[in-house]
Structures are given as C-alpha cells and as structure tokens.
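Asker: Structure file start-v8.cif (mmCIF, C-alpha atoms) is given on the next line.
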data_model
#
loop_
_atom_site.group_PDB
_atom_site.id
_atom_site.type_symbol
_atom_site.label_atom_id
_atom_site.label_comp_id
_atom_site.auth_asym_id
_atom_site.auth_seq_id
_atom_site.Cartn_x
_atom_site.Cartn_y
_atom_site.Cartn_z
ATOM 1 C CA MET A 61 -2.433 -25.298 21.909
ATOM 2 C CA ALA A 62 1.032 -26.121 20.672
ATOM 3 C CA GLN A 63 2.150 -29.739 20.510
ATOM 4 C CA ASP A 64 4.376 -29.324 23.556
ATOM 5 C CA GLY A 65 1.412 -28.134 25.624
ATOM 6 C CA SER A 66 2.472 -24.499 25.681
ATOM 7 C CA GLU A 67 0.298 -21.660 24.440
ATOM 8 C CA GLU A 68 0.341 -21.146 20.678
ATOM 9 C CA LEU A 69 2.300 -18.153 19.476
ATOM 10 C CA ARG A 70 0.046 -15.964 17.369
ATOM 11 C CA VAL A 71 0.277 -12.513 15.847
ATOM 12 C CA GLY A 72 -1.713 -10.044 17.953
ATOM 13 C CA GLN A 73 -0.154 -11.057 21.268
ATOM 14 C CA ALA A 74 2.560 -8.343 21.081
ATOM 15 C CA ARG A 75 5.205 -11.035 21.678
ATOM 16 C CA GLY A 76 7.222 -10.411 18.542
ATOM 17 C CA PRO A 77 9.156 -9.887 16.507
ATOM 18 C CA TYR A 78 8.071 -13.368 15.496
ATOM 19 C CA ASP A 79 9.906 -15.993 13.494
ATOM 20 C CA ILE A 80 7.401 -17.187 10.914
ATOM 21 C CA ASP A 81 8.349 -20.842 11.496
ATOM 22 C CA ALA A 82 7.349 -20.562 15.170
ATOM 23 C CA LEU A 83 3.933 -18.997 14.511
ATOM 24 C CA ALA A 84 0.540 -20.665 14.600
ATOM 25 C CA THR A 85 -0.789 -17.727 12.560
ATOM 26 C CA ARG A 86 -0.795 -18.436 8.822
ATOM 27 C CA PRO A 87 0.573 -15.749 6.465
ATOM 28 C CA GLN A 88 -2.823 -15.682 4.685
ATOM 29 C CA GLU A 89 -4.385 -14.376 7.899
ATOM 30 C CA LEU A 90 -2.102 -11.341 7.781
ATOM 31 C CA GLU A 91 -3.080 -10.234 4.283
ATOM 32 C CA ASN A 92 -4.876 -7.070 5.434
ATOM 33 C CA SER A 93 -2.941 -6.343 8.604
ATOM 34 C CA HIS A 94 0.663 -6.674 7.405
ATOM 35 C CA LEU A 95 2.745 -5.416 4.509
ATOM 36 C CA ASP A 96 4.437 -8.549 3.130
ATOM 37 C CA LEU A 97 7.949 -7.632 1.957
ATOM 38 C CA GLY A 98 9.237 -11.168 1.632
ATOM 39 C CA SER A 99 11.770 -11.289 4.439
ATOM 40 C CA VAL A 100 9.595 -9.218 6.787
ATOM 41 C CA LEU A 101 5.859 -8.849 7.281
ATOM 42 C CA VAL A 102 5.280 -5.440 8.853
ATOM 43 C CA PRO A 103 1.987 -4.345 10.462
ATOM 44 C CA VAL A 104 0.619 -1.245 8.792
ATOM 45 C CA VAL A 105 -0.573 1.733 10.807
ATOM 46 C CA GLU A 106 -4.158 2.889 10.413
ATOM 47 C CA GLY A 107 -4.305 6.430 9.138
ATOM 48 C CA GLY A 108 -0.840 6.095 7.629
ATOM 49 C CA GLN A 109 0.535 5.459 4.186
ATOM 50 C CA VAL A 110 2.987 3.101 2.529
ATOM 51 C CA THR A 111 5.730 4.820 0.536
ATOM 52 C CA VAL A 112 8.539 3.395 -1.583
ATOM 53 C CA GLU A 113 11.762 5.257 -2.303
ATOM 54 C CA MET A 114 13.715 4.514 -5.467
ATOM 55 C CA SER A 115 17.501 4.366 -5.755
ATOM 56 C CA GLU A 116 19.617 6.290 -8.238
ATOM 57 C CA ALA A 117 19.305 3.264 -10.539
ATOM 58 C CA HIS A 118 15.504 3.544 -10.220
ATOM 59 C CA GLN A 119 15.243 0.370 -8.124
ATOM 60 C CA PRO A 120 13.186 0.082 -4.900
ATOM 61 C CA GLN A 121 15.484 1.150 -2.086
ATOM 62 C CA ASN A 122 13.370 1.758 1.023
ATOM 63 C CA VAL A 123 9.793 1.024 2.097
ATOM 64 C CA TYR A 124 8.306 3.227 4.797
ATOM 65 C CA LEU A 125 5.202 3.380 6.958
ATOM 66 C CA VAL A 126 4.458 7.103 7.027
ATOM 67 C CA THR A 127 2.342 8.072 10.039
ATOM 68 C CA PRO A 128 1.028 11.387 11.394
ATOM 69 C CA ILE A 129 3.897 11.520 13.904
ATOM 70 C CA GLY A 130 6.827 10.229 11.848
ATOM 71 C CA ARG A 131 8.139 7.542 9.555
ATOM 72 C CA ILE A 132 8.940 3.895 10.382
ATOM 73 C CA SER A 133 10.961 1.333 8.448
ATOM 74 C CA VAL A 134 11.651 -2.306 9.314
ATOM 75 C CA SER A 135 14.473 -4.371 7.779
ATOM 76 C CA ALA A 136 15.799 -7.878 8.375
ATOM 77 C CA PHE A 137 19.415 -9.030 8.102
ATOM 78 C CA ALA A 138 21.227 -12.340 8.162
ATOM 79 C CA ALA A 139 22.938 -13.161 11.447
ATOM 80 C CA PRO A 140 25.065 -15.974 12.883
ATOM 81 C CA LYS A 141 23.457 -18.769 14.892
ATOM 82 C CA SER A 142 24.777 -17.328 18.150
ATOM 83 C CA PRO A 143 22.898 -14.189 19.300
ATOM 84 C CA GLY A 144 24.518 -10.886 20.165
ATOM 85 C CA MET A 145 25.036 -9.213 16.796
ATOM 86 C CA TRP A 146 22.832 -6.260 17.728
ATOM 87 C CA ARG A 147 25.131 -5.376 20.664
ATOM 88 C CA GLU A 148 28.023 -5.095 18.199
ATOM 89 C CA VAL A 149 25.910 -3.047 15.796
ATOM 90 C CA VAL A 150 24.849 -0.642 18.565
ATOM 91 C CA ARG A 151 28.453 0.341 19.288
ATOM 92 C CA GLU A 152 29.298 0.839 15.619
ATOM 93 C CA LEU A 153 26.076 2.668 14.854
ATOM 94 C CA ALA A 154 26.399 5.066 17.786
ATOM 95 C CA ALA A 155 29.989 5.876 16.784
ATOM 96 C CA SER A 156 28.981 6.435 13.159
ATOM 97 C CA LEU A 157 26.145 8.772 14.129
ATOM 98 C CA ARG A 158 28.414 10.777 16.431
ATOM 99 C CA ASP A 159 30.967 11.080 13.638
ATOM 100 C CA ASP A 160 28.202 12.503 11.459
ATOM 101 C CA GLY A 161 27.529 15.198 14.057
ATOM 102 C CA ALA A 162 24.380 13.784 15.659
ATOM 103 C CA ALA A 163 23.775 14.010 19.394
ATOM 104 C CA THR A 164 23.678 10.287 20.161
ATOM 105 C CA SER A 165 22.672 8.251 23.192
ATOM 106 C CA VAL A 166 21.999 4.595 23.985
ATOM 107 C CA GLU A 167 18.845 3.821 25.961
ATOM 108 C CA ASP A 168 17.396 0.640 27.453
ATOM 109 C CA GLY A 169 14.211 -0.429 25.688
ATOM 110 C CA HIS A 170 11.876 -3.404 25.708
ATOM 111 C CA TRP A 171 14.329 -5.669 23.844
ATOM 112 C CA GLY A 172 17.545 -4.113 25.116
ATOM 113 C CA ARG A 173 19.668 -1.297 23.777
ATOM 114 C CA GLU A 174 18.220 1.346 21.473
ATOM 115 C CA VAL A 175 20.257 4.013 19.706
ATOM 116 C CA VAL A 176 18.777 7.522 19.665
ATOM 117 C CA ALA A 177 20.149 10.305 17.477
ATOM 118 C CA GLU A 178 18.975 13.916 17.467
ATOM 119 C CA THR A 179 19.682 16.262 14.566
ATOM 120 C CA ASP A 180 18.096 19.613 13.740
ATOM 121 C CA GLY A 181 14.776 19.105 15.500
ATOM 122 C CA ALA A 182 14.375 15.465 14.451
ATOM 123 C CA THR A 183 14.832 12.315 16.528
ATOM 124 C CA HIS A 184 15.788 8.959 15.004
ATOM 125 C CA ARG A 185 15.453 5.787 17.081
ATOM 126 C CA PHE A 186 17.101 2.493 16.082
ATOM 127 C CA ILE A 187 15.681 -0.653 17.693
ATOM 128 C CA GLY A 188 17.213 -4.057 17.008
ATOM 129 C CA VAL A 189 16.306 -7.592 18.003
ATOM 130 C CA ASP A 190 18.350 -10.773 17.527
ATOM 131 C CA GLY A 191 16.461 -13.821 16.278
ATOM 132 C CA PRO A 192 17.322 -17.320 15.017
ATOM 133 C CA ARG A 193 19.886 -16.550 12.290
ATOM 134 C CA TRP A 194 18.368 -13.124 11.704
ATOM 135 C CA LEU A 195 18.456 -9.613 13.089
ATOM 136 C CA VAL A 196 15.530 -7.263 12.612
ATOM 137 C CA ARG A 197 15.898 -3.511 12.885
ATOM 138 C CA CYS A 198 13.178 -0.880 13.214
ATOM 139 C CA VAL A 199 13.917 2.816 12.665
ATOM 140 C CA GLY A 200 11.499 5.551 13.689
ATOM 141 C CA SER A 201 12.236 9.073 12.471
ATOM 142 C CA GLY A 202 10.180 12.157 13.252
ATOM 143 C CA PRO A 203 10.077 15.582 14.863
ATOM 144 C CA THR A 204 11.581 15.631 18.342
ATOM 145 C CA GLU A 205 8.285 16.904 19.776
ATOM 146 C CA HIS A 206 6.734 13.506 18.879
ATOM 147 C CA ALA A 207 9.763 11.403 19.863
ATOM 148 C CA ASP A 208 8.134 9.632 22.836
ATOM 149 C CA ASP A 209 4.950 8.765 20.940
ATOM 150 C CA LEU A 210 6.925 7.602 17.906
ATOM 151 C CA ALA A 211 9.124 5.423 20.130
ATOM 152 C CA ARG A 212 6.019 3.664 21.501
ATOM 153 C CA LEU A 213 4.546 3.259 18.033
ATOM 154 C CA SER A 214 7.837 1.895 16.639
ATOM 155 C CA ARG A 215 7.946 -0.692 19.417
ATOM 156 C CA ALA A 216 4.297 -1.602 18.746
ATOM 157 C CA VAL A 217 5.121 -2.159 15.070
ATOM 158 C CA LEU A 218 8.164 -4.262 15.921
ATOM 159 C CA ALA A 219 6.216 -6.306 18.482
ATOM 160 C CA GLU A 220 3.890 -7.491 15.688
ATOM 161 C CA THR A 221 6.504 -7.832 12.922
ATOM 162 C CA VAL A 222 7.100 -11.291 11.424
ATOM 163 C CA VAL A 223 10.498 -12.345 10.015
ATOM 164 C CA ARG A 224 10.674 -14.859 7.167
ATOM 165 C CA ARG A 225 14.361 -15.863 7.202
ATOM 166 C CA GLY A 226 14.255 -18.692 4.677
ATOM 167 C CA SER A 227 16.923 -21.372 4.353
ATOM 168 C CA GLU A 228 19.207 -19.679 1.832
ATOM 169 C CA PRO A 229 22.671 -18.907 3.247
ATOM 170 C CA PHE A 230 23.652 -15.248 3.569
ATOM 171 C CA PRO A 231 26.762 -13.717 5.139
ATOM 172 C CA PRO A 232 26.065 -12.097 8.528
ATOM 173 C CA ARG A 233 24.789 -8.511 8.215
ATOM 174 C CA ASP A 234 23.655 -8.961 4.630
ATOM 175 C CA PRO A 235 20.119 -7.598 4.175
ATOM 176 C CA LEU A 236 17.564 -10.323 3.603
ATOM 177 C CA PRO A 237 15.789 -10.024 0.237
ATOM 178 C CA VAL A 238 12.854 -7.632 -0.023
ATOM 179 C CA VAL A 239 10.032 -8.748 -2.333
ATOM 180 C CA LEU A 240 7.323 -6.194 -3.048
ATOM 181 C CA PRO A 241 3.668 -7.281 -3.133
ATOM 182 C CA PRO A 242 2.428 -7.634 -6.741
ATOM 183 C CA VAL A 243 0.228 -4.515 -6.617
ATOM 184 C CA LEU A 244 3.099 -2.445 -5.213
ATOM 185 C CA ALA A 245 5.556 -3.950 -7.692
ATOM 186 C CA GLU A 246 3.293 -2.849 -10.548
ATOM 187 C CA GLN A 247 3.238 0.705 -9.201
ATOM 188 C CA VAL A 248 7.014 0.695 -8.878
ATOM 189 C CA ALA A 249 7.346 -0.602 -12.458
ATOM 190 C CA ALA A 250 5.182 2.269 -13.686
ATOM 191 C CA ALA A 251 7.302 4.714 -11.701
ATOM 192 C CA GLN A 252 10.471 3.197 -13.155
ATOM 193 C CA GLN A 253 9.119 3.696 -16.661
ATOM 194 C CA GLN A 254 8.350 7.331 -15.961
ATOM 195 C CA MET A 255 11.706 7.950 -14.291
ATOM 196 C CA PHE A 256 13.672 6.387 -17.142
ATOM 197 C CA ALA A 257 11.635 8.332 -19.696
ATOM 198 C CA GLY A 258 12.241 11.624 -17.897
ATOM 199 C CA PRO A 259 10.061 14.757 -18.120
ATOM 200 C CA PRO A 260 8.678 15.942 -21.469
ATOM 201 C CA ALA A 261 10.934 18.221 -23.537
ATOM 202 C CA GLY A 262 11.104 21.701 -22.080
ATOM 203 C CA GLN A 263 9.670 20.616 -18.737
ATOM 204 C CA GLU A 264 11.838 20.395 -15.635
ATOM 205 C CA SER A 265 11.641 17.467 -13.230
ATOM 206 C CA PRO A 266 9.700 18.328 -10.075
ATOM 207 C CA ASP A 267 11.846 18.765 -7.003
ATOM 208 C CA PRO A 268 10.651 16.359 -4.265
ATOM 209 C CA SER A 269 12.249 18.554 -1.622
ATOM 210 C CA ALA A 270 9.699 21.217 -2.535
ATOM 211 C CA GLN A 271 6.998 18.856 -1.266
ATOM 212 C CA ASN A 272 8.749 18.236 2.033
ATOM 213 C CA PRO A 273 11.841 20.436 2.339
ATOM 214 C CA THR A 274 12.781 19.278 5.827
ATOM 215 C CA ALA A 275 12.444 15.484 5.521
ATOM 216 C CA GLN A 276 15.318 12.992 5.604
ATOM 217 C CA ASN A 277 15.900 9.677 3.872
ATOM 218 C CA PRO A 278 16.945 6.624 5.912
ATOM 219 C CA THR A 279 19.204 4.074 4.184
ATOM 220 C CA ALA A 280 18.288 0.449 4.824
ATOM 221 C CA GLN A 281 21.171 -1.376 3.204
ATOM 222 C CA ASN A 282 23.244 -2.034 6.309
ATOM 223 C CA PRO A 283 22.155 -2.446 9.938
ATOM 224 C CA THR A 284 25.120 -0.336 11.052
ATOM 225 C CA ALA A 285 24.366 2.552 8.728
ATOM 226 C CA PRO A 286 22.506 5.549 10.183
ATOM 227 C CA ASP A 287 19.000 5.582 8.696
ATOM 228 C CA ALA A 288 18.619 9.301 9.042
ATOM 229 C CA GLY A 289 20.635 12.448 9.174
ATOM 230 C CA PRO A 290 19.719 16.095 9.582
ATOM 231 C CA GLY A 291 16.156 17.034 8.979
ATOM 232 C CA ASP A 292 12.559 16.616 10.012
ATOM 233 C CA ALA A 293 11.179 13.201 9.161
ATOM 234 C CA THR A 294 7.520 14.120 8.716
ATOM 235 C CA ASP A 295 5.768 13.621 5.388
ATOM 236 C CA ASP A 296 2.936 15.416 3.643
ATOM 237 C CA SER A 297 1.387 12.205 2.254
ATOM 238 C CA VAL A 298 -2.369 11.783 2.438
ATOM 239 C CA PRO A 299 -3.402 9.231 5.091
ATOM 240 C CA VAL A 300 -5.174 6.105 3.861
ATOM 241 C CA ALA A 301 -8.013 4.476 5.775
ATOM 242 C CA GLY A 302 -8.261 0.723 6.145
ATOM 243 C CA GLY A 303 -5.638 -1.974 6.279
ATOM 244 C CA ALA A 304 -2.658 -3.164 4.272
ATOM 245 C CA LEU A 305 -4.535 -3.868 1.034
ATOM 246 C CA ASP A 306 -5.862 -0.310 0.835
ATOM 247 C CA GLN A 307 -2.535 1.243 1.771
ATOM 248 C CA VAL A 308 -0.598 -0.806 -0.777
ATOM 249 C CA ALA A 309 -3.145 0.056 -3.476
ATOM 250 C CA HIS A 310 -2.637 3.760 -2.689
ATOM 251 C CA ALA A 311 1.107 3.667 -2.091
ATOM 252 C CA THR A 312 3.349 6.499 -3.252
ATOM 253 C CA VAL A 313 6.637 6.018 -5.081
ATOM 254 C CA TYR A 314 9.368 8.627 -4.685
ATOM 255 C CA GLY A 315 12.579 9.263 -6.548
ATOM 256 C CA GLU A 316 15.980 8.860 -4.934
ATOM 257 C CA ASN A 317 16.588 10.905 -1.775
ATOM 258 C CA ALA A 318 13.074 12.308 -1.753
ATOM 259 C CA TYR A 319 13.354 12.577 2.021
ATOM 260 C CA ARG A 320 16.707 14.327 2.090
ATOM 261 C CA ASP A 321 17.168 17.886 3.278
ATOM 262 C CA GLU A 322 20.143 18.462 0.985
ATOM 263 C CA PRO A 323 19.290 20.530 -2.143
ATOM 264 C CA GLU A 324 21.665 18.582 -4.400
ATOM 265 C CA ALA A 325 19.968 15.283 -3.480
ATOM 266 C CA ALA A 326 16.680 16.114 -5.182
ATOM 267 C CA ALA A 327 17.520 15.052 -8.733
ATOM 268 C CA ALA A 328 14.885 12.359 -9.265
ATOM 269 C CA PRO A 329 11.228 13.275 -9.812
ATOM 270 C CA GLU A 330 8.509 12.406 -7.363
ATOM 271 C CA VAL A 331 5.964 10.050 -8.882
ATOM 272 C CA GLU A 332 2.420 9.656 -7.620
ATOM 273 C CA SER A 333 1.808 6.019 -8.460
ATOM 274 C CA ALA A 334 -1.838 5.746 -7.482
ATOM 275 C CA ALA A 335 -4.580 6.986 -9.779
ATOM 276 C CA PRO A 336 -6.953 9.614 -8.340
ATOM 277 C CA ALA A 337 -10.051 8.146 -6.763
ATOM 278 C CA ASP A 338 -13.256 8.305 -8.806
ATOM 279 C CA PRO A 339 -15.568 10.645 -6.871
ATOM 280 C CA GLU A 340 -18.624 8.768 -8.227
ATOM 281 C CA VAL A 341 -17.467 5.416 -6.891
ATOM 282 C CA ASP A 342 -18.248 4.929 -3.219
ATOM 283 C CA GLU A 343 -15.782 2.240 -2.159
ATOM 284 C CA GLU A 344 -15.928 1.092 1.441
ATOM 285 C CA PRO A 345 -12.347 0.791 2.771
ATOM 286 C CA LEU A 346 -11.185 -2.590 3.956
ATOM 287 C CA PRO A 347 -11.155 -2.809 7.755
ATOM 288 C CA PRO A 348 -7.855 -2.647 9.642
ATOM 289 C CA SER A 349 -6.787 -5.695 11.579
ATOM 290 C CA SER A 350 -7.661 -6.152 15.227
ATOM 291 C CA GLY A 351 -4.694 -5.883 17.554
ATOM 292 C CA SER A 352 -2.767 -3.862 14.989
ATOM 293 C CA ALA A 353 0.055 -1.517 15.822
ATOM 294 C CA MET A 354 -1.894 1.748 15.964
ATOM 295 C CA GLN A 355 -4.656 0.261 18.115
ATOM 296 C CA ARG A 356 -2.131 -1.099 20.613
ATOM 297 C CA PHE A 357 -0.309 2.222 20.575
ATOM 298 C CA ARG A 358 -3.493 4.125 21.359
ATOM 299 C CA ARG A 359 -4.410 1.801 24.229
ATOM 300 C CA ARG A 360 -1.021 2.396 25.848
ATOM 301 C CA ARG A 361 -1.005 6.193 25.554
#
Can I see the file as structure tokens?
Answerer:
Amino acid sequence: MAQDGSEELRVGQARGPYDIDALATRPQELENSHLDLGSVLVPVVEGGQVTVEMSEAHQPQNVYLVTPIGRISVSAFAAPKSPGMWREVVRELAASLRDDGAATSVEDGHWGREVVAETDGATHRFIGVDGPRWLVRCVGSGPTEHADDLARLSRAVLAETVVRRGSEPFPPRDPLPVVLPPVLAEQVAAAQQQMFAGPPAGQESPDPSAQNPTAQNPTAQNPTAPDAGPGDATDDSVPVAGGALDQVAHATVYGENAYRDEPEAAAAPEVESAAPADPEVDEEPLPPSSGSAMQRFRRRR
C-alpha cells in the first residue's frame, strides 16, 4: 500500500500512462516487458518487432512497434505545469492534416480527444495525454480495415506506457530526449557505419520502398506534426517471439523515409541490423510480460 493508505500504482493495472515518480513498480521490473527509450518506457507487443528509422544525417529518428495490424509509436514532450496542451495540439494537428489532404475527424477516446486521419486506405490515429509537465502522444498507423483493432491496441500500449520526465528544463512542446538501449544503440551504430560507407563500387543501394511500397513514415519531432501521410502503414518485418529483450536484440534499422510511399524518398539503404539466427542453436525465447499490451488487447476483443 502507498504511504497515504491508497492502493499502490503499478504497471499492469492499465491505469497509465504513468509518471515514473508515482509508480511503485521499479524500472528493473520492466526490463522484459517495456522498451526503455529514456523519456518513455513503452510496452512491446508480442508477435511484433521493434524497428528504428534513421534520419538523413543517419541519426535515429523514429522507433516503432511493428505489429501484424499496423505500426505504433510513442513519444513524450515537455509541457507547462498547467494541463491542457493536448487540446491545443488537437486543433493544430487536425488543421494540418486537413491541409495535407487527409480526411480528418476528432473522436472522443478513453483520455479525451483523438485525431483520426484517413489517406489512401490507411488510418492514422493520434492519442495524447497530459501529465505533470509532460505530454505523451501515441500514433497508430495501419490499413483502414484494421483501424478499430489498431485503435484498441494503441490505447492498450498507452495505458501501460511510463513517462520519465526528469528535472531538466525544456521549452513546452520540445521532444523529451530519446536514449536507445545499449543493444539497440550498437545495432544503430553498425547501421550508421554501413550507411556512411555506402554500397560497394558498382552496386546500387537497395530501395526500401521495394520491400514495402505502400508504407508511410511518421515524424516524431513535434506533437503537432502529422505522423503519417498517404500510404498503407503495414510492414513486412518478421515477428519476434518473447518480450522486449528478444525484440530489441532482433530489431531492424531502416534508412531515412523507409516507410514513405513517395519514390524520391527512398534514397537511404535498408539495413538488417540483426545477424541471422544459427539454425543449430536452439534458444528458448524470453517470456513476454504478464499484463502486457497484446494480452490486454486480446482479452478485450
């Protein structure tokens, strides 16, 4: 029990997004259930995959949970002490999406207003929650035929997300720093080396759009920016069994705009960062966490 006599707030109760300072759950307990990105700890989805997208400067730009029904990203931003920033963002975001030609609507969700944009057979849902000096935003992008299921899964992910705001001052709306786990950072460093080196002489860079010609890249630099434009947000990545440790170890690193539908945006090569599994080594995958996002999603279907 908490010191004030109230029930302790723990991950697994679907009462998030949680502020890490208010949790009884220790970060060490989340090692295999959550992807620790520094400012946010995001529950992974069983049967999904972690992917990292690189910027034009070959720096990590976006981290995604790729699932069989779509792609989810979670980002945290600095906010003023008084709540209400998400209401402002909703108006600006909806206007921006409409200006870009998307069919846009605002719906009432579990935490309040959600922005929904539909473009070329894909649906992109933006869910935001105000916290103590932070705002967290979840974006689910996938084929319109899976829009309802992806909306429930996105909410399940957000309900178990943990925000680590820290004490450093940031201007409102600035993204909070993303720190990759060491194993993932090593994979990104290897991808950076390969990207800077370029393909061998006489060999063209592979076109990531050939792997997924209808996918779209969300930008995560600004909570008001649309995370997705035209295109189908599915991915052809191989699902990974187990929890966060397995998925991070088998993460995939993509070049800039690997999810974009625009032909001119496919300049950077796609890099498979994980080594092929040794068929002679029978490794038992680490178990997923109890009460994780996919399990809760399945119970509610």
Asker: What is the distance, in Å and to one decimal place, between CA of Glu246 (chain A) and CA of Thr111 (chain A)?
Answerer: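 Taking CA of Glu246 (chain A) as the start and CA of Thr111 (chain A) as the end point, the length is 13.7 Å.
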Asker: What would the selection look like, as an MDAnalysis selection string, if the PyMOL selection byres ((chain A and resi 84-87) around 9) were run on the coordinates I just shared?
Answerer: chainID A and resid 62 68:71 80:83 88:91 96 101
Asker: Which residues fall under the PyMOL selection byres ((chain A and resi 223-234) around 7) in this file, as a PDB file with C-alpha atoms, in the coordinates of the input?
Answerer:
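selection-v7.pdb, freshly written:
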ATOM      1  CA  TYR A  78       8.071 -13.368  15.496  1.00  0.00           C
ATOM      2  CA  ASP A  79       9.906 -15.993  13.494  1.00  0.00           C
ATOM      3  CA  ILE A  80       7.401 -17.187  10.914  1.00  0.00           C
ATOM      4  CA  GLY A  98       9.237 -11.168   1.632  1.00  0.00           C
ATOM      5  CA  SER A  99      11.770 -11.289   4.439  1.00  0.00           C
ATOM      6  CA  VAL A 100       9.595  -9.218   6.787  1.00  0.00           C
ATOM      7  CA  LEU A 101       5.859  -8.849   7.281  1.00  0.00           C
ATOM      8  CA  PHE A 137      19.415  -9.030   8.102  1.00  0.00           C
ATOM      9  CA  ALA A 138      21.227 -12.340   8.162  1.00  0.00           C
ATOM     10  CA  ALA A 139      22.938 -13.161  11.447  1.00  0.00           C
ATOM     11  CA  PRO A 140      25.065 -15.974  12.883  1.00  0.00           C
ATOM     12  CA  TRP A 194      18.368 -13.124  11.704  1.00  0.00           C
ATOM     13  CA  THR A 221       6.504  -7.832  12.922  1.00  0.00           C
ATOM     14  CA  VAL A 222       7.100 -11.291  11.424  1.00  0.00           C
ATOM     15  CA  PRO A 235      20.119  -7.598   4.175  1.00  0.00           C
ATOM     16  CA  LEU A 236      17.564 -10.323   3.603  1.00  0.00           C
ATOM     17  CA  ASN A 282      23.244  -2.034   6.309  1.00  0.00           C
ATOM     18  CA  PRO A 283      22.155  -2.446   9.938  1.00  0.00           C
TER      19      PRO A 283
END
Asker: Write out as a list in words the residues lying within 10 Å of Glu205 (chain A), counting all atoms listed in the file and excluding same-chain residues fewer than 3 positions away.
Answerer: Ile129, Gly181, Ala182, Thr183, Gly202, Asp208, Asp209 and Leu210 of chain A
Asker: Name the residues within 12 Å of (17.8, 2.2, -7.8), counting all atoms listed in the file in the file's coordinates, and put them as a ChimeraX atom specification.
Answerer: /A:112-122,248-249,251-252,255-256,314-317,328
Asker: Please report, as JSON, the centre and edge lengths in Å to one decimal of an axis-aligned box covering all listed atoms of region 155-171 of chain A with 3 Å per side.
Answerer:
{"center_x": 21.4, "center_y": 4.8, "center_z": 19.5, "size_x": 25.1, "size_y": 26.9, "size_z": 22.0}
Asker: Name every residue that the PyMOL selection byres ((chain A and resi 239) around 9) selects in this structure, writing the answer as a PDB file with C-alpha atoms, keeping the file's coordinate frame with chains first and numbers rising.
Answerer:
ATOM      1  CA  ASP A  96       4.437  -8.549   3.130  1.00  0.00           C
ATOM      2  CA  LEU A  97       7.949  -7.632   1.957  1.00  0.00           C
ATOM      3  CA  GLY A  98       9.237 -11.168   1.632  1.00  0.00           C
ATOM      4  CA  SER A  99      11.770 -11.289   4.439  1.00  0.00           C
ATOM      5  CA  PRO A 237      15.789 -10.024   0.237  1.00  0.00           C
ATOM      6  CA  VAL A 238      12.854  -7.632  -0.023  1.00  0.00           C
ATOM      7  CA  LEU A 240       7.323  -6.194  -3.048  1.00  0.00           C
ATOM      8  CA  PRO A 241       3.668  -7.281  -3.133  1.00  0.00           C
ATOM      9  CA  PRO A 242       2.428  -7.634  -6.741  1.00  0.00           C
ATOM     10  CA  ALA A 245       5.556  -3.950  -7.692  1.00  0.00           C
TER      11      ALA A 245
END
Asker: Quick one: distance from CA of Thr179 (chain A) to CA of Ala162 (chain A) in Å, one decimal?
Answerer: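 About the pair CA of Thr179 (chain A) and CA of Ala162 (chain A): they are 5.4 Å apart.
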Asker: Separation of CA of Ser201 (chain A) and CA of Phe186 (chain A), in Å?
Answerer: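 Going from CA of Ser201 (chain A) over to CA of Phe186 (chain A) covers 8.9 Å.
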Asker: Looking at all atoms listed in the file, which of A:Gly72, A:Pro143, A:Ala177, A:Val199 is the one that sits closest to Arg158 (chain A)?
Answerer: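 That would be A:Ala177, the residue with the smallest distance to Arg158 (chain A).
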Asker: In terms of the shortest atom-to-atom distance over all atoms listed in the file, which of A:Ser165, A:Ser133, A:Thr312, A:Gln254 is closest to Ser214 (chain A)?
Answerer: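 For Ser214 (chain A), the nearest of the candidates is A:Ser133.
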Asker: List the neighbours of Gly200 (chain A) out to 10 Å using only C-alpha atoms; skip same-chain residues closer than 2 positions along the sequence, and give me the result as a list of chain:residue names.
Answerer: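 Near neighbours after the sequence-gap exclusion: A:Tyr124, A:Leu125, A:Val126, A:Ile129, A:Gly130, A:Arg131, A:Ile132, A:Ser133, A:Val134, A:Val176, A:Thr183, A:His184, A:Arg185, A:Phe186, A:Ile187, A:Cys198, A:Gly202, A:Ala207, A:Leu210, A:Ala211, A:Arg212, A:Leu213, A:Ser214, A:Arg215, A:Pro278, A:Asp287, A:Ala288, A:Ala293.
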Asker: Nearest to Gln247 (chain A): which of A:Ala216, A:Ala311, A:Pro192, A:Pro128 is it, counting all atoms listed in the file?
Answerer: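 Comparing A:Ala216, A:Ala311, A:Pro192, A:Pro128 against Gln247 (chain A), the winner is A:Ala311.
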Asker: What's around Val166 (chain A) at 8 Å? Count all atoms listed in the file, leave out sequence neighbours fewer than 3 positions away in its own chain, and write the answer as a list of chain:residue names.
Answerer: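 Once the adjacent positions are removed, what remains is A:Ala154, A:Arg173, A:Glu174, A:Val175, A:Val176.
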Asker: N, CA, C and O atoms for region 166-174 of chain A, written as an mmCIF file, in the coordinates of the input, could you do that?
Answerer:
data_model
loop_
_atom_site.group_PDB
_atom_site.id
_atom_site.type_symbol
_atom_site.label_atom_id
_atom_site.label_comp_id
_atom_site.auth_asym_id
_atom_site.auth_seq_id
_atom_site.Cartn_x
_atom_site.Cartn_y
_atom_site.Cartn_z
ATOM 1 N N VAL A 166 22.463 5.983 23.989
ATOM 2 C CA VAL A 166 21.999 4.595 23.985
ATOM 3 C C VAL A 166 21.068 4.423 25.177
ATOM 4 O O VAL A 166 21.442 4.703 26.316
ATOM 5 N N GLU A 167 19.844 3.981 24.915
ATOM 6 C CA GLU A 167 18.845 3.821 25.961
ATOM 7 C C GLU A 167 18.441 2.352 26.077
ATOM 8 O O GLU A 167 18.589 1.582 25.137
ATOM 9 N N ASP A 168 17.915 1.989 27.244
ATOM 10 C CA ASP A 168 17.396 0.640 27.453
ATOM 11 C C ASP A 168 15.928 0.611 27.051
ATOM 12 O O ASP A 168 15.115 1.384 27.570
ATOM 13 N N GLY A 169 15.588 -0.283 26.135
ATOM 14 C CA GLY A 169 14.211 -0.429 25.688
ATOM 15 C C GLY A 169 13.674 -1.805 26.011
ATOM 16 O O GLY A 169 14.267 -2.558 26.792
ATOM 17 N N HIS A 170 12.553 -2.141 25.414
ATOM 18 C CA HIS A 170 11.876 -3.404 25.708
ATOM 19 C C HIS A 170 12.744 -4.608 25.374
ATOM 20 O O HIS A 170 12.737 -5.609 26.095
ATOM 21 N N TRP A 171 13.513 -4.534 24.271
ATOM 22 C CA TRP A 171 14.329 -5.669 23.844
ATOM 23 C C TRP A 171 15.805 -5.475 24.172
ATOM 24 O O TRP A 171 16.626 -6.312 23.823
ATOM 25 N N GLY A 172 16.138 -4.385 24.825
ATOM 26 C CA GLY A 172 17.545 -4.113 25.116
ATOM 27 C C GLY A 172 17.938 -2.726 24.654
ATOM 28 O O GLY A 172 17.161 -1.778 24.762
ATOM 29 N N ARG A 173 19.133 -2.612 24.118
ATOM 30 C CA ARG A 173 19.668 -1.297 23.777
ATOM 31 C C ARG A 173 19.024 -0.716 22.521
ATOM 32 O O ARG A 173 18.826 -1.406 21.523
ATOM 33 N N GLU A 174 18.728 0.578 22.603
ATOM 34 C CA GLU A 174 18.220 1.346 21.473
ATOM 35 C C GLU A 174 19.126 2.556 21.274
ATOM 36 O O GLU A 174 19.543 3.192 22.240
#
